[in-house]
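The file final_18.json contains JSON, C-alpha atoms:
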```json
[["chain", "number", "residue", "atom", "x", "y", "z"],
["S", 1, "MET", "CA", 9.72, 147.13, -84.91],
["S", 2, "ARG", "CA", 10.60, 148.47, -88.35],
["S", 3, "ILE", "CA", 9.86, 152.12, -88.93],
["S", 4, "ASP", "CA", 8.38, 153.35, -92.19],
["S", 5, "CYS", "CA", 9.46, 156.13, -94.58],
["S", 6, "ASN", "CA", 7.08, 158.71, -93.13],
["S", 7, "HIS", "CA", 8.52, 158.10, -89.70],
["S", 8, "VAL", "CA", 12.05, 158.61, -91.04],
["S", 9, "TRP", "CA", 11.05, 161.85, -92.78],
["S", 10, "GLU", "CA", 9.51, 163.16, -89.57],
["S", 11, "HIS", "CA", 12.86, 162.86, -87.82],
["S", 12, "ILE", "CA", 15.20, 163.69, -90.67],
["S", 13, "SER", "CA", 16.06, 167.19, -89.46],
["S", 14, "ALA", "CA", 16.76, 166.01, -85.92],
["S", 15, "TYR", "CA", 18.76, 163.11, -87.35],
["S", 16, "ILE", "CA", 20.96, 165.52, -89.34],
["S", 17, "ASP", "CA", 21.50, 167.62, -86.21],
["S", 18, "GLY", "CA", 22.36, 164.55, -84.14],
["S", 19, "GLU", "CA", 19.36, 165.14, -81.91],
["S", 20, "VAL", "CA", 17.69, 161.74, -82.06],
["S", 21, "ASP", "CA", 18.28, 159.25, -79.29],
["S", 22, "ALA", "CA", 20.42, 156.18, -79.85],
["S", 23, "GLU", "CA", 17.48, 153.82, -80.24],
["S", 24, "LEU", "CA", 15.75, 155.91, -82.89],
["S", 25, "ARG", "CA", 19.03, 156.54, -84.66],
["S", 26, "ALA", "CA", 19.64, 152.80, -84.88],
["S", 27, "GLU", "CA", 16.14, 152.27, -86.30],
["S", 28, "ILE", "CA", 16.64, 155.02, -88.87],
["S", 29, "ASP", "CA", 20.08, 153.68, -89.81],
["S", 30, "LEU", "CA", 18.61, 150.25, -90.31],
["S", 31, "HIS", "CA", 15.85, 151.65, -92.50],
["S", 32, "LEU", "CA", 18.35, 153.70, -94.53],
["S", 33, "GLU", "CA", 20.40, 150.60, -95.29],
["S", 34, "THR", "CA", 17.60, 149.20, -97.37],
["S", 35, "CYS", "CA", 15.55, 152.24, -98.41],
["S", 36, "GLU", "CA", 17.10, 154.08, -101.34],
["S", 37, "ILE", "CA", 14.35, 156.70, -101.33],
["S", 38, "CYS", "CA", 14.90, 157.75, -97.71],
["S", 39, "SER", "CA", 18.62, 157.56, -98.21],
["S", 40, "ALA", "CA", 18.34, 160.03, -101.10],
["S", 41, "VAL", "CA", 15.95, 162.28, -99.14],
["S", 42, "LEU", "CA", 18.43, 162.36, -96.27],
["S", 43, "ASP", "CA", 21.36, 163.14, -98.57],
["S", 44, "SER", "CA", 19.53, 165.88, -100.43],
["S", 45, "THR", "CA", 18.26, 167.48, -97.22],
["S", 46, "ARG", "CA", 21.75, 167.38, -95.79],
["S", 47, "ASN", "CA", 23.09, 168.89, -99.02],
["S", 48, "VAL", "CA", 20.63, 171.76, -98.75],
["S", 49, "VAL", "CA", 21.76, 172.37, -95.15],
["S", 50, "ILE", "CA", 25.43, 172.32, -96.20],
["S", 51, "LEU", "CA", 24.84, 174.70, -99.11],
["S", 52, "MET", "CA", 22.91, 177.19, -96.99],
["S", 53, "ALA", "CA", 25.77, 177.48, -94.52],
["S", 54, "ASP", "CA", 28.07, 178.70, -97.29],
["S", 55, "ASP", "CA", 28.82, 182.41, -96.99],
["S", 56, "ARG", "CA", 28.59, 182.80, -100.75],
["S", 57, "VAL", "CA", 24.82, 182.26, -100.74],
["S", 58, "PHE", "CA", 24.20, 185.58, -99.06],
["S", 59, "GLU", "CA", 26.77, 188.27, -99.52],
["S", 60, "LEU", "CA", 26.57, 191.63, -97.87],
["S", 61, "GLN", "CA", 26.19, 194.66, -100.09],
["S", 62, "ALA", "CA", 29.43, 196.40, -100.96],
["S", 63, "GLY", "CA", 30.33, 198.98, -98.34],
["S", 64, "PHE", "CA", 27.73, 197.76, -95.83],
["S", 65, "SER", "CA", 30.23, 197.28, -93.04],
["S", 66, "GLU", "CA", 32.02, 200.57, -93.69],
["S", 67, "ARG", "CA", 28.73, 202.49, -93.63],
["S", 68, "LEU", "CA", 27.64, 200.80, -90.41],
["S", 69, "HIS", "CA", 30.89, 201.61, -88.61],
["S", 70, "ALA", "CA", 30.86, 205.18, -89.92],
["S", 71, "ARG", "CA", 27.35, 205.56, -88.49],
["S", 72, "LEU", "CA", 28.59, 204.21, -85.15],
["S", 73, "ASP", "CA", 31.47, 206.66, -85.16],
["S", 74, "LYS", "CA", 29.00, 209.44, -85.71],
["S", 75, "GLU", "CA", 27.04, 208.16, -82.72],
["S", 76, "PHE", "CA", 30.22, 208.03, -80.64],
["S", 77, "GLY", "CA", 31.04, 211.55, -81.73],
["S", 78, "THR", "CA", 34.41, 210.49, -83.02],
["S", 79, "GLU", "CA", 36.10, 210.58, -86.35],
["S", 80, "PRO", "CA", 36.00, 207.32, -88.32],
["S", 81, "LYS", "CA", 39.01, 205.11, -87.87],
["S", 82, "LYS", "CA", 41.33, 205.28, -90.82],
["S", 83, "VAL", "CA", 41.65, 201.89, -92.50],
["G", 1, "MET", "CA", 33.27, 192.72, -103.55],
["G", 2, "SER", "CA", 32.50, 191.70, -100.03],
["G", 3, "SER", "CA", 33.99, 193.75, -97.23],
["G", 4, "ALA", "CA", 37.46, 192.94, -96.07],
["G", 5, "GLU", "CA", 37.97, 190.46, -93.29],
["G", 6, "PRO", "CA", 37.85, 192.20, -89.95],
["G", 7, "ASN", "CA", 40.97, 192.78, -87.94],
["G", 8, "HIS", "CA", 40.01, 192.00, -84.41],
["G", 9, "THR", "CA", 41.93, 194.08, -81.97],
["G", 10, "VAL", "CA", 40.27, 192.61, -78.93],
["G", 11, "ASP", "CA", 39.86, 189.05, -77.80],
["G", 12, "LEU", "CA", 36.28, 187.84, -78.19],
["G", 13, "SER", "CA", 37.04, 184.14, -78.19],
["G", 14, "SER", "CA", 35.19, 183.30, -74.99],
["G", 15, "ARG", "CA", 32.26, 184.55, -72.97],
["G", 16, "GLU", "CA", 34.73, 185.89, -70.41],
["G", 17, "ALA", "CA", 36.67, 187.78, -73.06],
["G", 18, "GLU", "CA", 33.42, 189.14, -74.46],
["G", 19, "ALA", "CA", 32.36, 190.27, -70.98],
["G", 20, "GLU", "CA", 35.74, 191.94, -70.48],
["G", 21, "CYS", "CA", 35.39, 193.78, -73.79],
["G", 22, "ILE", "CA", 31.91, 194.99, -72.77],
["G", 23, "ARG", "CA", 33.22, 196.11, -69.39],
["G", 24, "ARG", "CA", 35.93, 198.17, -71.12],
["G", 25, "ILE", "CA", 33.42, 199.75, -73.49],
["G", 26, "LEU", "CA", 31.17, 200.71, -70.59],
["G", 27, "ALA", "CA", 34.21, 202.12, -68.80],
["G", 28, "GLY", "CA", 34.77, 204.49, -71.71],
["G", 29, "GLU", "CA", 36.68, 202.66, -74.44],
["G", 30, "LYS", "CA", 33.75, 203.03, -76.80],
["G", 31, "HIS", "CA", 35.80, 202.42, -79.95],
["G", 32, "LEU", "CA", 35.97, 198.76, -78.89],
["G", 33, "PHE", "CA", 32.31, 198.48, -79.73],
["G", 34, "HIS", "CA", 33.34, 198.27, -83.40],
["G", 35, "ASP", "CA", 35.11, 194.99, -82.66],
["G", 36, "LEU", "CA", 32.26, 193.71, -80.52],
["G", 37, "ILE", "CA", 29.56, 194.28, -83.12],
["G", 38, "ARG", "CA", 31.57, 193.27, -86.19],
["G", 39, "PRO", "CA", 31.09, 189.49, -85.81],
["G", 40, "CYS", "CA", 27.32, 190.08, -85.48],
["G", 41, "GLU", "CA", 26.70, 192.43, -88.37],
["G", 42, "ARG", "CA", 26.19, 189.86, -91.10],
["G", 43, "ALA", "CA", 23.64, 187.94, -89.04],
["G", 44, "VAL", "CA", 21.87, 191.16, -88.09],
["G", 45, "TYR", "CA", 21.66, 192.34, -91.69],
["G", 46, "LEU", "CA", 20.53, 189.00, -93.13],
["G", 47, "PHE", "CA", 17.96, 188.60, -90.39],
["G", 48, "LEU", "CA", 16.53, 192.05, -91.11],
["G", 49, "LEU", "CA", 16.66, 191.46, -94.85],
["G", 50, "SER", "CA", 14.70, 188.28, -94.34],
["G", 51, "LEU", "CA", 12.16, 190.17, -92.27],
["G", 52, "LEU", "CA", 11.88, 193.41, -94.23],
["G", 53, "ARG", "CA", 12.65, 192.09, -97.73],
["G", 54, "ASN", "CA", 14.24, 195.34, -98.77],
["G", 55, "GLU", "CA", 17.99, 195.85, -98.90],
["G", 56, "SER", "CA", 18.18, 199.54, -98.09],
["G", 57, "GLU", "CA", 15.66, 199.28, -95.29],
["G", 58, "ALA", "CA", 17.48, 196.24, -93.87],
["G", 59, "GLU", "CA", 20.73, 198.20, -93.92],
["G", 60, "GLU", "CA", 19.16, 201.17, -92.16],
["G", 61, "ALA", "CA", 17.56, 198.87, -89.58],
["G", 62, "ALA", "CA", 20.90, 197.09, -89.08],
["G", 63, "GLN", "CA", 22.56, 200.43, -88.32],
["G", 64, "GLU", "CA", 19.76, 201.32, -85.95],
["G", 65, "THR", "CA", 20.16, 197.93, -84.25],
["G", 66, "ALA", "CA", 23.89, 198.49, -83.76],
["G", 67, "ILE", "CA", 23.27, 201.91, -82.24],
["G", 68, "LYS", "CA", 20.56, 200.57, -79.93],
["G", 69, "ALA", "CA", 22.87, 197.75, -78.87],
["G", 70, "TYR", "CA", 25.53, 200.34, -78.04],
["G", 71, "LEU", "CA", 23.18, 202.64, -76.16],
["G", 72, "ASN", "CA", 21.68, 199.75, -74.18],
["G", 73, "LEU", "CA", 24.90, 197.86, -73.60],
["G", 74, "HIS", "CA", 24.68, 198.52, -69.86],
["G", 75, "LEU", "CA", 21.49, 196.44, -69.87],
["G", 76, "PHE", "CA", 23.22, 193.37, -71.31],
["G", 77, "ARG", "CA", 23.46, 190.86, -68.50],
["G", 78, "GLY", "CA", 25.52, 188.18, -70.17],
["G", 79, "GLU", "CA", 22.84, 185.53, -69.77],
["G", 80, "ALA", "CA", 22.78, 185.05, -73.52],
["G", 81, "GLN", "CA", 25.65, 185.47, -75.94],
["G", 82, "PHE", "CA", 26.10, 189.02, -77.12],
["G", 83, "ARG", "CA", 25.18, 188.00, -80.68],
["G", 84, "THR", "CA", 21.91, 186.44, -79.53],
["G", 85, "TRP", "CA", 21.09, 189.60, -77.63],
["G", 86, "VAL", "CA", 21.83, 191.76, -80.67],
["G", 87, "ILE", "CA", 19.64, 189.57, -82.90],
["G", 88, "SER", "CA", 16.77, 190.02, -80.46],
["G", 89, "ILE", "CA", 17.27, 193.79, -80.73],
["G", 90, "ALA", "CA", 17.25, 193.42, -84.52],
["G", 91, "ARG", "CA", 14.05, 191.43, -84.27],
["G", 92, "ASN", "CA", 12.36, 194.19, -82.27],
["G", 93, "GLU", "CA", 13.65, 196.81, -84.67],
["G", 94, "GLY", "CA", 12.37, 194.84, -87.65],
["G", 95, "LEU", "CA", 8.96, 194.22, -86.09],
["G", 96, "LEU", "CA", 8.64, 197.88, -85.25],
["G", 97, "ARG", "CA", 9.27, 198.78, -88.87],
["G", 98, "LEU", "CA", 6.87, 196.14, -90.12],
["G", 99, "ARG", "CA", 4.15, 197.46, -87.82],
["G", 100, "LYS", "CA", 4.75, 200.96, -89.11],
["G", 101, "GLN", "CA", 4.32, 199.64, -92.61],
["G", 102, "GLY", "CA", 1.09, 197.93, -91.59],
["G", 103, "ALA", "CA", 2.59, 194.58, -92.39],
["G", 104, "ARG", "CA", 0.60, 191.76, -93.76],
["G", 105, "ARG", "CA", -0.17, 189.10, -91.20],
["G", 106, "GLU", "CA", 1.98, 186.57, -92.98],
["G", 107, "ASP", "CA", 5.07, 188.55, -92.20],
["G", 108, "SER", "CA", 4.47, 188.89, -88.51],
["G", 109, "LEU", "CA", 7.01, 187.13, -86.37],
["G", 110, "ASP", "CA", 4.59, 187.35, -83.48],
["G", 111, "GLU", "CA", 2.56, 184.72, -85.23],
["G", 112, "GLN", "CA", 2.78, 181.76, -82.91],
["G", 113, "VAL", "CA", 0.57, 179.47, -84.94],
["G", 114, "GLU", "CA", 2.52, 176.41, -85.90],
["G", 115, "GLU", "CA", 0.03, 175.20, -88.44],
["G", 116, "ALA", "CA", 1.08, 177.25, -91.41],
["G", 117, "GLY", "CA", -0.23, 174.48, -93.59],
["G", 118, "GLY", "CA", 1.79, 173.21, -96.47],
["G", 119, "ASP", "CA", 3.01, 169.89, -97.60],
["G", 120, "PHE", "CA", 6.16, 168.79, -95.83],
["G", 121, "THR", "CA", 6.59, 165.60, -97.80],
["G", 122, "PRO", "CA", 10.07, 165.52, -99.28],
["G", 123, "ALA", "CA", 10.81, 165.49, -102.97],
["G", 124, "VAL", "CA", 11.69, 161.93, -103.78],
["G", 125, "LEU", "CA", 14.69, 161.68, -105.96],
["G", 126, "THR", "CA", 17.49, 159.24, -106.18],
["G", 127, "SER", "CA", 20.30, 160.92, -108.01],
["G", 128, "TRP", "CA", 21.52, 163.93, -106.03],
["G", 129, "ARG", "CA", 23.88, 162.81, -103.34],
["G", 130, "ASP", "CA", 27.04, 164.86, -103.53],
["G", 131, "VAL", "CA", 27.62, 168.56, -103.13],
["G", 132, "PRO", "CA", 30.58, 169.51, -105.29],
["G", 133, "ALA", "CA", 32.72, 171.98, -103.36],
["G", 134, "ASP", "CA", 32.67, 174.55, -106.13],
["G", 135, "VAL", "CA", 28.94, 174.45, -106.82],
["G", 136, "LEU", "CA", 28.36, 177.88, -105.29],
["G", 137, "GLU", "CA", 30.82, 179.48, -107.65],
["G", 138, "ARG", "CA", 27.94, 179.20, -110.06],
["G", 139, "LYS", "CA", 25.90, 182.27, -109.32],
["G", 140, "GLU", "CA", 22.65, 180.72, -110.45],
["G", 141, "VAL", "CA", 22.95, 178.09, -107.73],
["G", 142, "ALA", "CA", 23.28, 180.73, -105.00],
["G", 143, "GLN", "CA", 20.31, 182.52, -106.57],
["G", 144, "LEU", "CA", 18.23, 179.32, -106.49],
["G", 145, "LEU", "CA", 18.99, 178.98, -102.79],
["G", 146, "ARG", "CA", 18.14, 182.61, -102.05],
["G", 147, "ASP", "CA", 14.88, 182.34, -103.98],
["G", 148, "ALA", "CA", 13.91, 179.15, -102.17],
["G", 149, "ILE", "CA", 14.62, 180.72, -98.77],
["G", 150, "ALA", "CA", 12.77, 183.91, -99.71],
["G", 151, "GLY", "CA", 9.80, 181.76, -100.69],
["G", 152, "LEU", "CA", 9.45, 180.23, -97.22],
["G", 153, "PRO", "CA", 6.72, 181.46, -94.88],
["G", 154, "ALA", "CA", 8.22, 184.09, -92.54],
["G", 155, "ILE", "CA", 8.04, 181.94, -89.40],
["G", 156, "TYR", "CA", 10.22, 179.29, -91.06],
["G", 157, "ARG", "CA", 12.49, 181.69, -92.92],
["G", 158, "ASN", "CA", 13.74, 183.34, -89.75],
["G", 159, "VAL", "CA", 14.49, 180.08, -88.01],
["G", 160, "VAL", "CA", 16.36, 178.68, -90.99],
["G", 161, "LEU", "CA", 18.30, 181.90, -91.31],
["G", 162, "LEU", "CA", 19.60, 181.78, -87.76],
["G", 163, "ARG", "CA", 20.06, 178.01, -87.53],
["G", 164, "ASP", "CA", 21.33, 176.98, -90.95],
["G", 165, "ILE", "CA", 22.69, 180.14, -92.50],
["G", 166, "GLU", "CA", 24.19, 181.81, -89.43],
["G", 167, "GLU", "CA", 24.68, 178.45, -87.68],
["G", 168, "MET", "CA", 23.39, 179.52, -84.30],
["G", 169, "ASP", "CA", 22.39, 176.65, -82.03],
["G", 170, "VAL", "CA", 18.81, 175.78, -81.08],
["G", 171, "ARG", "CA", 19.02, 177.56, -77.74],
["G", 172, "GLN", "CA", 20.43, 180.78, -79.17],
["G", 173, "THR", "CA", 17.86, 180.75, -81.96],
["G", 174, "ALA", "CA", 15.06, 180.23, -79.46],
["G", 175, "GLU", "CA", 16.34, 183.10, -77.30],
["G", 176, "ALA", "CA", 16.77, 185.46, -80.23],
["G", 177, "LEU", "CA", 13.29, 184.76, -81.60],
["G", 178, "ASN", "CA", 11.58, 184.47, -78.22],
["G", 179, "LEU", "CA", 10.40, 180.96, -79.07],
["G", 180, "SER", "CA", 10.58, 177.66, -77.24],
["G", 181, "GLU", "CA", 13.34, 175.29, -78.31],
["G", 182, "SER", "CA", 10.75, 172.78, -79.45],
["G", 183, "ALA", "CA", 9.10, 175.39, -81.68],
["G", 184, "VAL", "CA", 12.51, 176.13, -83.21],
["G", 185, "LYS", "CA", 12.99, 172.43, -83.94],
["G", 186, "VAL", "CA", 9.56, 172.01, -85.49],
["G", 187, "ARG", "CA", 9.96, 175.09, -87.65],
["G", 188, "LEU", "CA", 13.45, 174.12, -88.69],
["G", 189, "HIS", "CA", 12.31, 170.67, -89.68],
["G", 190, "ARG", "CA", 9.48, 172.07, -91.77],
["G", 191, "ALA", "CA", 11.69, 174.73, -93.34],
["G", 192, "ARG", "CA", 14.25, 172.15, -94.38],
["G", 193, "ALA", "CA", 11.54, 169.88, -95.73],
["G", 194, "LEU", "CA", 10.11, 172.72, -97.81],
["G", 195, "LEU", "CA", 13.58, 173.66, -99.04],
["G", 196, "GLN", "CA", 14.48, 170.09, -99.90],
["G", 197, "ARG", "CA", 11.22, 169.81, -101.75],
["G", 198, "SER", "CA", 11.75, 172.93, -103.82],
["G", 199, "LEU", "CA", 15.50, 172.69, -104.28],
["G", 200, "ALA", "CA", 16.34, 169.06, -104.73],
["G", 201, "PRO", "CA", 14.71, 168.71, -108.16],
["G", 202, "LYS", "CA", 16.45, 171.89, -109.35],
["G", 203, "LEU", "CA", 19.83, 171.20, -107.82],
["G", 204, "LYS", "CA", 20.29, 167.56, -108.67],
["G", 205, "GLY", "CA", 21.39, 168.67, -112.10],
["G", 206, "VAL", "CA", 24.37, 170.55, -110.69],
["G", 207, "ALA", "CA", 25.93, 167.49, -109.13],
["G", 208, "PRO", "CA", 28.17, 165.38, -111.30],
["G", 209, "ARG", "CA", 26.58, 162.07, -112.19],
["G", 210, "ARG", "CA", 29.39, 159.94, -110.94],
["G", 211, "LYS", "CA", 27.23, 157.37, -109.37],
["G", 212, "GLY", "CA", 24.74, 154.84, -110.56],
["G", 213, "LEU", "CA", 21.01, 155.26, -110.91],
["G", 214, "PHE", "CA", 20.31, 155.08, -107.21],
["G", 215, "GLY", "CA", 23.46, 156.83, -106.15],
["G", 216, "TRP", "CA", 25.29, 153.68, -105.25],
["G", 217, "SER", "CA", 28.86, 153.35, -106.34],
["G", 218, "GLN", "CA", 29.22, 150.70, -108.98]]
```
Please rewrite the model in this file as structure tokens.
Amino acid sequence: MRIDCNHVWEHISAYIDGEVDAELRAEIDLHLETCEICSAVLDSTRNVVILMADDRVFELQAGFSERLHARLDKEFGTEPKKV
Amino acid sequence: MSSAEPNHTVDLSSREAEAECIRRILAGEKHLFHDLIRPCERAVYLFLLSLLRNESEAEEAAQETAIKAYLNLHLFRGEAQFRTWVISIARNEGLLRLRKQGARREDSLDEQVEEAGGDFTPAVLTSWRDVPADVLERKEVAQLLRDAIAGLPAIYRNVVLLRDIEEMDVRQTAEALNLSESAVKVRLHRARALLQRSLAPKLKGVAPRRKGLFGWSQ
């Protein structure tokens, strides 16, 4: 049985995470071979996932870590460690 | 400038090493807590920022989370990873603050309703296939991503933050958010669909057009 585009889209996230079973994966792969739309949807979704994992998307505010550890030192009742 | 890379002075490379570090802290070497919490602090802050949507409040809540994790360390049983446990403390801290603010319902993480509505149909496009490695050096691209994530409904935003931004696995994400694994998967799928839908049309322009109309190599 051939699956349709909607069916592929429903499983695209699980497909990217390698969480679809072998049979469904084979069906999706077969569909992707001939469907340029789904192929592009898969690629763009995967691209979004790759970009989000990049540390440069969200950077901590300057001094965040230092302030947090200074607060902990205060809690410990010790002087901050000299860096 | 982002903060300098941490210098780990203790081994945290395995669950056993983590447990040993915790045992030493509880036995009195409290300075080791700095090393234990350091790998978690980015996730804690971003999670709270996602929840509270205010940088200074997220920072304050992150500090509070770290202190609560320290004070309650004896309660950590090692069933989850330390980071997962800390995120769940951050979640409680964030929810407490939201309740104090009289949060709008939309921002409640207690909301278990899966039907947040919305159209999860992907944006259909045929030209954006590659991610150039240097694309994030362009600040506007990072901003587009942040805006798209900020625009997600809260129940999806938190899942995508832990799964795709902090790269926690489904089980850890479920534990940290007190959700079932299947709920995490459903929310992640919808979050990614919404992000693809909003981002793909904007980001396709940043990829070099090396390929043909439908992305196939000529």
Kindly provide, as a tab-separated table (two decimals) with C-alpha atoms, in the coordinates of the input, the residues of chain S having any atom no farther than 6 Å from an atom of chain G, counting all atoms listed in the file.
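Output file out-v5.tsv follows:
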```tsv
chain	number	residue	atom	x	y	z
S	13	SER	CA	16.06	167.19	-89.46
S	40	ALA	CA	18.34	160.03	-101.10
S	43	ASP	CA	21.36	163.14	-98.57
S	45	THR	CA	18.26	167.48	-97.22
S	52	MET	CA	22.91	177.19	-96.99
S	53	ALA	CA	25.77	177.48	-94.52
S	57	VAL	CA	24.82	182.26	-100.74
S	62	ALA	CA	29.43	196.40	-100.96
S	68	LEU	CA	27.64	200.80	-90.41
```
Separation of atom CA of S:Phe76 from atom CA of G:Arg23, in Å and rounded to one decimal: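 Computing the Euclidean distance for atom CA of S:Phe76 and atom CA of G:Arg23 yields 16.7 Å.
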query: Using only C-alpha atoms, which residue out of G:Arg15, G:Phe76, G:Asp119, G:Val184 lies closest to G:Met168?
result: G:Val184
message: Report, in Å to a single decimal, how far apart atom CA of G:Val159 and atom CA of S:Ile50 are.
response: 15.7 Å
message: Considering all atoms listed in the file, can you say which of S:Cys38, S:Leu51, S:Val8, S:Leu72 comes closest to S:Val20?
response: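 Among the listed residues, S:Val8 lies closest to S:Val20.
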- prompt: From the set G:Glu93, G:Glu29, G:Glu140, G:Glu79, which residue has the shortest atom-to-atom contact distance to G:Ala61, counting all atoms listed in the file?
  reply: G:Glu93
- request: Give me, please, the distance in Å between atom CA of G:Ile89 and atom CA of G:Thr65, quoted to one decimal.
  value: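 Between atom CA of G:Ile89 and atom CA of G:Thr65 the gap is 6.2 Å.
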task: Just the residues within 9 Å of stretch 171-180 of chain G, please, counting all atoms listed in the file, with nothing from its chain fewer than 4 positions along; format it as a list in words.
output: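 Final neighbour list, sorted by chain and number: Ala80, Gln81, Arg83, Thr84, Trp85, Val86, Ile87, Ser88, Ile89, Arg91, Leu109, Gln112, Asn158, Val159, Leu162, Arg163, Val184 and Lys185 of chain G.
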- request: Name the closest residue to G:Ala27 among the candidates G:Leu73, G:Tyr156, G:Leu52, G:Arg138; distances are taken between atoms, counting all atoms listed in the file.
  value: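 When distances to G:Ala27 are compared using all atoms listed in the file, the smallest one comes from G:Leu73.
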